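Q: Below is a structure I'd like to ask you about.
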Amino acid sequence: MLEAMGSLAAALATALGPRTLLLGAVAFLFFADFLKRRRPKNYPPGPPRLPFVGNFFHLDFKRFHLSLQRFVKKYGNLFSLEFGDLPSVVVTGFPLIKEVLVHQDQNFVNRPITPIRRHGFKKNGLIMSNGQTWKEQRRFTLTTLRNFGLGRKSLEECIQNEAHFLIQAIGEENGQPFDPHFKINNAVSNVICSITFGERFEYQDSQFQELLRLLDEVTFLETSVWCQLYNLFPRIMTYLPGQHQTLFSKWEKLKVFVTHMIENHKRDWNPAEARDFIDAYLKEMEKHKGNATSSFQEENLISSTLDLFFAGTETTSTTLRWGLLYMALYPEIQEKVQAEIDRVLGQSQQPSTAARECMPYTNAVIHEVQRMGNILPLNVPREVAVDTTLGGYHLPKGTTVLTNLTALHRDPAEWATPDTFNPEHFLEDRQFKKREAFLPFSVGKRNCLGEQLARTELFLFFTSLVQKFTFRPPKNEKLSLNFRMSLTLSPVSHRLCAVPRA
Ligand code: HEM
Ligand SMILES: *[C@@H]1O[C@H](CO)[C@@H](O)[C@H](O)[C@H]1NC(C)=O
Ligand SMILES: *[C@@H]1O[C@H](CO)[C@@H](O)[C@H](O)[C@H]1NC(C)=O
């Protein structure tokens, strides 16, 4: 058969000449691409796609979440986009977003696994897994987090302790300008590290600082143009140098760190007494030993642990950094927070979740930091699990779904001053007021698994810091609200002064 085709091609080449043949081959590729891209009936409208690369050139990766407003205007609250081979839709507006995340959550429960992810982690872990693996990993993690003190006194004490260390470390700056990034990173990370690894790391620990830098770098690299190109042409890019290769080697280093931690745990493991997440997981693996279909295997242990480490560090510390930046930029709001702290806690009493009920203003400020910080502007992507109808359009299984949380958090119909920092958005008669259109943790079956932990951390860390320090811009330096785009939106590198209050 192959031979026959070979001689046919040879005969054609002699008859038509190589140039015609090449043209024919290119035309065929375009035609095949066109057929592959034909949209099913009633698919959401969107900008025209180019062959092979889809809407790649429509996208501005430096401010991706803001670059598509014109398409909403033109095509409406549900429009389609194509990232190379990945058909995607963007969902705007509260009713439609709620339809995706809550009312039809079963149909949108999956995550798209991009080629770059698959290369690094297959379909393992918590954040980027689907089906049985996801169900088992999520259920186990939720139970285990609860067993290790989520919602209990012990975890609150752990965070209070860490806040104490952070205050000490920031106090050592003596009110001089400093970049708070990695101290905050370290403090926040120590909370999830206590749960997963059973230990915290000193802020001077250079190995751990290196690890935090790795974490920061992979967050940034994964959204680089190189990695988008890898997602378009994985088979070619595998052989080319570039930032995608850097990402792979950094992921590998993170995996080595976690693997090392797991080996240490195995050495002195006592099944009768689980010290932390890894111990509990080893026990679960033992329970499922010999069952090849179970997802409780070593590679999921590594991925799920790394997922917790990553999700538990990056998001919360980025939010806190936004918080301190807003305080330095809005001194009169910071003063009001401090007045409330002084009234409810004074200088000596440590902040606790119990006190949160009596601190509506501080609570409102933290919510407003999350609204304006908007660190996951398009949520974490979902994928259509079974053919679905949304807003009257047909979405075939496998379509990527982005829900535009930015539009929700800046909707002029929902917020009095959508683009200005204003804690009154979460207050009514001086009482804290919940807002429906506020979804930084998303909602539904696949929402943020660490929401409760994150909310506790944000309140305790933020309140502890503002209790002890007044945050100010350094003399003659102008602070900006510009962001850096990576997997999260974070403030650009900056310095602050933390002036002791006592
Ligand atoms: C301010 C802090 C945080 C924010 C804004 C945040 C936000 C989010 C969002 C928007 C999602 C996607 C939910 C969806 O697809 O509907 C998510 C998922 C997730 N978050 Fe968080 N998160 C934060 C902190 C944390 C912490 C501290 C942990 C640690 C336990 C954590 C663990 C996770 C995990 C494991 C997932 C994946 C859940 C799944 O796919 O089933 N997050 N987070
Ligand atoms: C999301 O909404 C914001 C605010 O309306 C808009 O500027 C941005 O372009 C939208 N992004 C996408 C991907 O639709
Ligand atoms: C093996 O694991 C799968 C998936 O967790 C489970 O459905 C099945 O019941 C297990 N089999 C045994 C014999 O435990």
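Ligands are numbered from 1 in the order shown, chains are lettered A, B, ... in the order of the structure tokens, and residues start at 1 in each chain.
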Hey, which residues come within 7 Å of ligand 1 if we count only C-alpha atoms and all ligand atoms? Could you give them as a VMD selection string?
A: chain A and resid 101 126 to 128 134 138 192 307 to 308 311 to 313 315 to 316 319 375 to 376 379 to 382 440 to 444 446 to 451 453 to 455
Q: Within 10 Å of A:Thr259, counting only C-alpha atoms, which residues show up once you throw out same-chain ones fewer than 2 positions away? Write them as a PyMOL selection string, please.
A: chain A and resi 253-257+261-265+298-299+301-303+305-306
Q: Using N, CA, C and O atoms, can you export the residues from the last selection as a compact mmCIF listing (two decimals), in the first residue's frame?
A:
# COMPACT_ATOMS: atom_id res chain seq x y z
N LYS A 253 12.66 20.70 39.17
CA LYS A 253 13.28 21.03 40.46
C LYS A 253 12.25 21.04 41.58
O LYS A 253 12.52 20.59 42.69
N LEU A 254 11.06 21.59 41.29
CA LEU A 254 10.01 21.61 42.30
C LEU A 254 9.59 20.19 42.65
O LEU A 254 9.37 19.85 43.82
N LYS A 255 9.49 19.35 41.63
CA LYS A 255 9.12 17.95 41.88
C LYS A 255 10.18 17.25 42.72
O LYS A 255 9.86 16.45 43.61
N VAL A 256 11.44 17.55 42.44
CA VAL A 256 12.53 16.93 43.21
C VAL A 256 12.42 17.33 44.68
O VAL A 256 12.56 16.49 45.58
N PHE A 257 12.11 18.61 44.93
CA PHE A 257 11.94 19.06 46.31
C PHE A 257 10.84 18.25 47.02
O PHE A 257 11.03 17.74 48.12
N MET A 261 10.99 15.50 50.14
CA MET A 261 10.17 15.59 51.35
C MET A 261 9.44 14.27 51.61
O MET A 261 9.36 13.80 52.75
N ILE A 262 8.92 13.68 50.54
CA ILE A 262 8.18 12.42 50.69
C ILE A 262 9.11 11.31 51.16
O ILE A 262 8.76 10.54 52.07
N GLU A 263 10.31 11.25 50.60
CA GLU A 263 11.29 10.23 51.04
C GLU A 263 11.58 10.39 52.53
O GLU A 263 11.62 9.40 53.26
N ASN A 264 11.77 11.63 52.97
CA ASN A 264 12.01 11.87 54.40
C ASN A 264 10.85 11.36 55.25
O ASN A 264 11.06 10.79 56.32
N HIS A 265 9.64 11.58 54.77
CA HIS A 265 8.47 11.12 55.53
C HIS A 265 8.42 9.60 55.60
O HIS A 265 8.06 9.03 56.62
N GLU A 298 1.96 7.23 43.87
CA GLU A 298 3.06 8.16 44.15
C GLU A 298 3.00 9.43 43.27
O GLU A 298 3.20 10.53 43.74
N GLU A 299 2.70 9.26 41.97
CA GLU A 299 2.77 10.45 41.11
C GLU A 299 1.66 11.45 41.42
O GLU A 299 1.85 12.66 41.26
N LEU A 301 0.52 11.76 44.52
CA LEU A 301 0.98 12.33 45.78
C LEU A 301 1.88 13.54 45.50
O LEU A 301 1.72 14.61 46.09
N ILE A 302 2.80 13.36 44.55
CA ILE A 302 3.71 14.46 44.22
C ILE A 302 2.92 15.64 43.65
O ILE A 302 3.06 16.78 44.10
N SER A 303 2.06 15.37 42.67
CA SER A 303 1.33 16.46 42.02
C SER A 303 0.37 17.17 42.96
O SER A 303 0.28 18.39 42.97
N THR A 305 0.48 17.38 46.21
CA THR A 305 1.23 18.14 47.21
C THR A 305 1.75 19.43 46.60
O THR A 305 1.64 20.51 47.19
N LEU A 306 2.29 19.32 45.38
CA LEU A 306 2.82 20.49 44.71
C LEU A 306 1.68 21.48 44.40
O LEU A 306 1.85 22.70 44.54
Q: List all protein, DNA and RNA residues that have any atom at most 10 Å from ligand 2, counting only C-alpha atoms and all ligand atoms, and write the list as a count of residues only.
A: 36
Q: If I take atom CA of A:Leu329 and atom CA of A:Leu481, how far is one from the other in Å, to one decimal?
A: 9.1 Å
Q: Measuring between only C-alpha atoms and all ligand atoms, which one of A:Glu284, A:Glu335, A:Glu368, A:Asp216 shows the shortest distance to ligand 3?
A: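 Among the listed residues, the smallest separation from ligand 3 belongs to A:Glu284.
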Q: To check your reading of the model: which residues sit at most 7 Å from ligand 3 when counting only C-alpha atoms and all ligand atoms? Write the answer as a PyMOL selection string.
A: chain A and resi 288+291-295
Q: Output N, CA and C atoms for every residue in the selection just made, as a short mmCIF file (atom, residue, chain, number, x, y, z; two decimals), in the first residue's frame.
A:
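Contents of result_13.cif, as written:
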data_model
loop_
_atom_site.label_atom_id
_atom_site.label_comp_id
_atom_site.auth_asym_id
_atom_site.auth_seq_id
_atom_site.Cartn_x
_atom_site.Cartn_y
_atom_site.Cartn_z
N HIS A 288 -4.95 1.38 49.36
CA HIS A 288 -5.31 1.05 47.97
C HIS A 288 -4.22 0.27 47.27
N ASN A 291 -4.23 -1.96 43.91
CA ASN A 291 -5.35 -1.58 43.05
C ASN A 291 -4.86 -0.57 42.00
N ALA A 292 -4.65 -1.08 40.80
CA ALA A 292 -4.03 -0.25 39.76
C ALA A 292 -4.97 0.86 39.28
N THR A 293 -6.30 0.74 39.48
CA THR A 293 -7.21 1.79 39.00
C THR A 293 -7.33 2.95 39.99
N SER A 294 -6.92 2.73 41.24
CA SER A 294 -7.00 3.81 42.23
C SER A 294 -6.03 4.93 41.87
N SER A 295 -6.40 6.17 42.20
CA SER A 295 -5.51 7.30 41.87
C SER A 295 -4.52 7.59 43.00
#
Q: Which neighbours of A:Thr463 fall inside 9 Å, counting only C-alpha atoms, when residues of the same chain fewer than 5 positions from it are skipped, and could you give them as a list in words?
A: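 Here the answer would be Val337, Gln338, Ile341, Gln350, Pro351, Thr362, Leu458 and Lys468 of chain A.
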Q: Restricting it to C-alpha atoms, dump the selection as a PDB file, in the first residue's frame.
A:
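The result, stored in result_21.pdb:
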ATOM      1  CA  VAL A 337      -8.773  50.188  59.839  1.00  0.00           C
ATOM      2  CA  GLN A 338      -6.325  51.055  62.613  1.00  0.00           C
ATOM      3  CA  ILE A 341      -8.287  47.542  65.444  1.00  0.00           C
ATOM      4  CA  GLN A 350      -3.699  39.177  68.738  1.00  0.00           C
ATOM      5  CA  PRO A 351      -6.271  39.245  65.940  1.00  0.00           C
ATOM      6  CA  THR A 362     -11.447  45.746  58.265  1.00  0.00           C
ATOM      7  CA  LEU A 458      -5.952  37.037  54.838  1.00  0.00           C
ATOM      8  CA  LYS A 468       1.660  46.901  64.327  1.00  0.00           C
TER       9      LYS A 468
END
Q: Counting only C-alpha atoms, which of A:Val365, A:Met327, A:Leu86, A:Val188 gets nearest to A:Phe309?
A: A:Val188
Q: Env of A:Asn231: 12 Å cut, atoms = only C-alpha atoms, seq-sep filter 2 positions within chain, self excluded. Answer as a ChimeraX atom specification.
A: /A:52-53,56,83-86,112-119,222-229,233-238,244
Q: Write the residues you've just listed into a file as a short mmCIF file (atom, residue, chain, number, x, y, z; two decimals), in the first residue's frame, and include C-alpha atoms for each of them.
A:
data_model
loop_
_atom_site.label_atom_id
_atom_site.label_comp_id
_atom_site.auth_asym_id
_atom_site.auth_seq_id
_atom_site.Cartn_x
_atom_site.Cartn_y
_atom_site.Cartn_z
CA PHE A 52 -3.20 26.75 12.38
CA VAL A 53 -2.83 29.53 14.96
CA PHE A 56 -3.21 33.84 18.50
CA PHE A 83 -6.02 29.32 20.96
CA GLY A 84 -4.39 27.36 18.19
CA ASP A 85 -6.11 24.03 18.45
CA LEU A 86 -8.09 24.80 21.58
CA PRO A 112 -8.66 21.69 29.97
CA ILE A 113 -5.26 19.99 30.11
CA THR A 114 -2.94 21.94 27.80
CA PRO A 115 0.01 20.19 26.10
CA ILE A 116 2.43 22.08 28.32
CA ARG A 117 0.70 20.86 31.49
CA ARG A 118 0.49 17.34 30.15
CA HIS A 119 4.21 17.36 29.47
CA GLU A 222 3.72 29.30 32.08
CA THR A 223 2.01 32.28 30.45
CA SER A 224 4.99 33.22 28.25
CA VAL A 225 4.62 33.31 24.47
CA TRP A 226 7.02 30.36 24.27
CA CYS A 227 4.65 28.21 26.25
CA GLN A 228 1.70 29.35 24.14
CA LEU A 229 3.71 28.28 21.10
CA PHE A 233 2.97 23.03 18.15
CA PRO A 234 4.07 20.65 20.90
CA ARG A 235 5.72 18.16 18.60
CA ILE A 236 7.97 20.76 17.02
CA MET A 237 8.62 22.88 20.12
CA THR A 238 9.80 19.86 22.09
CA HIS A 244 9.24 26.34 27.67
#
Q: Which residue out of A:Ile97, A:Leu390, A:Ala437, A:Val191 has the minimum interatomic distance to A:Glu156 when only C-alpha atoms are used?
A: A:Val191
Q: So that I can see what lies close to A:His367, please list as a ChimeraX atom specification the residues with an atom at most 12 Å from it, counting only C-alpha atoms and leaving out residues fewer than 4 positions away in the same chain.
A: /A:319-320,322-323,360-363,371-374,409,421-427,432-435,437-441,455,458-459,462
Q: Among the residues of stretch 429-494 of chain A, find those DSSP assigns to helix (DSSP H, G or I) from the backbone and print them as a PDB file with N, CA and C atoms, in the first residue's frame.
A:
ATOM      1  N   GLU A 451     -10.602  28.017  50.083  1.00  0.00           N
ATOM      2  CA  GLU A 451     -11.232  29.314  50.388  1.00  0.00           C
ATOM      3  C   GLU A 451     -11.214  29.629  51.876  1.00  0.00           C
ATOM      4  N   GLN A 452     -11.628  28.679  52.681  1.00  0.00           N
ATOM      5  CA  GLN A 452     -11.719  28.959  54.119  1.00  0.00           C
ATOM      6  C   GLN A 452     -10.339  29.252  54.710  1.00  0.00           C
ATOM      7  N   LEU A 453      -9.367  28.454  54.295  1.00  0.00           N
ATOM      8  CA  LEU A 453      -7.995  28.676  54.761  1.00  0.00           C
ATOM      9  C   LEU A 453      -7.500  30.057  54.328  1.00  0.00           C
ATOM     10  N   ALA A 454      -7.745  30.388  53.057  1.00  0.00           N
ATOM     11  CA  ALA A 454      -7.268  31.658  52.524  1.00  0.00           C
ATOM     12  C   ALA A 454      -7.922  32.831  53.259  1.00  0.00           C
ATOM     13  N   ARG A 455      -9.227  32.735  53.512  1.00  0.00           N
ATOM     14  CA  ARG A 455      -9.926  33.839  54.175  1.00  0.00           C
ATOM     15  C   ARG A 455      -9.408  34.035  55.604  1.00  0.00           C
ATOM     16  N   THR A 456      -9.134  32.920  56.281  1.00  0.00           N
ATOM     17  CA  THR A 456      -8.578  33.015  57.623  1.00  0.00           C
ATOM     18  C   THR A 456      -7.200  33.666  57.585  1.00  0.00           C
ATOM     19  N   GLU A 457      -6.369  33.200  56.650  1.00  0.00           N
ATOM     20  CA  GLU A 457      -5.019  33.763  56.531  1.00  0.00           C
ATOM     21  C   GLU A 457      -5.067  35.249  56.210  1.00  0.00           C
ATOM     22  N   LEU A 458      -5.895  35.631  55.241  1.00  0.00           N
ATOM     23  CA  LEU A 458      -5.952  37.037  54.838  1.00  0.00           C
ATOM     24  C   LEU A 458      -6.317  37.912  56.026  1.00  0.00           C
ATOM     25  N   PHE A 459      -7.332  37.492  56.768  1.00  0.00           N
ATOM     26  CA  PHE A 459      -7.767  38.323  57.894  1.00  0.00           C
ATOM     27  C   PHE A 459      -6.686  38.409  58.965  1.00  0.00           C
ATOM     28  N   LEU A 460      -6.131  37.266  59.354  1.00  0.00           N
ATOM     29  CA  LEU A 460      -5.165  37.272  60.456  1.00  0.00           C
ATOM     30  C   LEU A 460      -3.869  37.990  60.086  1.00  0.00           C
ATOM     31  N   PHE A 461      -3.332  37.711  58.905  1.00  0.00           N
ATOM     32  CA  PHE A 461      -2.086  38.374  58.498  1.00  0.00           C
ATOM     33  C   PHE A 461      -2.299  39.877  58.309  1.00  0.00           C
ATOM     34  N   PHE A 462      -3.324  40.211  57.553  1.00  0.00           N
ATOM     35  CA  PHE A 462      -3.550  41.638  57.247  1.00  0.00           C
ATOM     36  C   PHE A 462      -3.757  42.446  58.526  1.00  0.00           C
ATOM     37  N   THR A 463      -4.655  41.959  59.376  1.00  0.00           N
ATOM     38  CA  THR A 463      -4.973  42.698  60.597  1.00  0.00           C
ATOM     39  C   THR A 463      -3.754  42.793  61.523  1.00  0.00           C
ATOM     40  N   SER A 464      -3.005  41.693  61.617  1.00  0.00           N
ATOM     41  CA  SER A 464      -1.813  41.723  62.477  1.00  0.00           C
ATOM     42  C   SER A 464      -0.817  42.762  61.990  1.00  0.00           C
ATOM     43  N   LEU A 465      -0.625  42.836  60.676  1.00  0.00           N
ATOM     44  CA  LEU A 465       0.368  43.772  60.138  1.00  0.00           C
ATOM     45  C   LEU A 465      -0.067  45.217  60.336  1.00  0.00           C
ATOM     46  N   VAL A 466      -1.339  45.492  60.043  1.00  0.00           N
ATOM     47  CA  VAL A 466      -1.806  46.887  60.145  1.00  0.00           C
ATOM     48  C   VAL A 466      -1.955  47.299  61.616  1.00  0.00           C
ATOM     49  N   GLN A 467      -2.097  46.307  62.501  1.00  0.00           N
ATOM     50  CA  GLN A 467      -2.112  46.608  63.936  1.00  0.00           C
ATOM     51  C   GLN A 467      -0.744  47.146  64.383  1.00  0.00           C
ATOM     52  N   LYS A 468       0.314  46.567  63.840  1.00  0.00           N
ATOM     53  CA  LYS A 468       1.660  46.901  64.327  1.00  0.00           C
ATOM     54  C   LYS A 468       2.383  47.966  63.511  1.00  0.00           C
TER      55      LYS A 468
END
Q: Determine, counting only C-alpha atoms, which protein, DNA and RNA residues have an atom within 10 Å of an atom of A:Glu273; residues of the same chain fewer than 6 positions away are not included. Present the result as an MDAnalysis selection string.
A: chainID A and resid 279:280 283
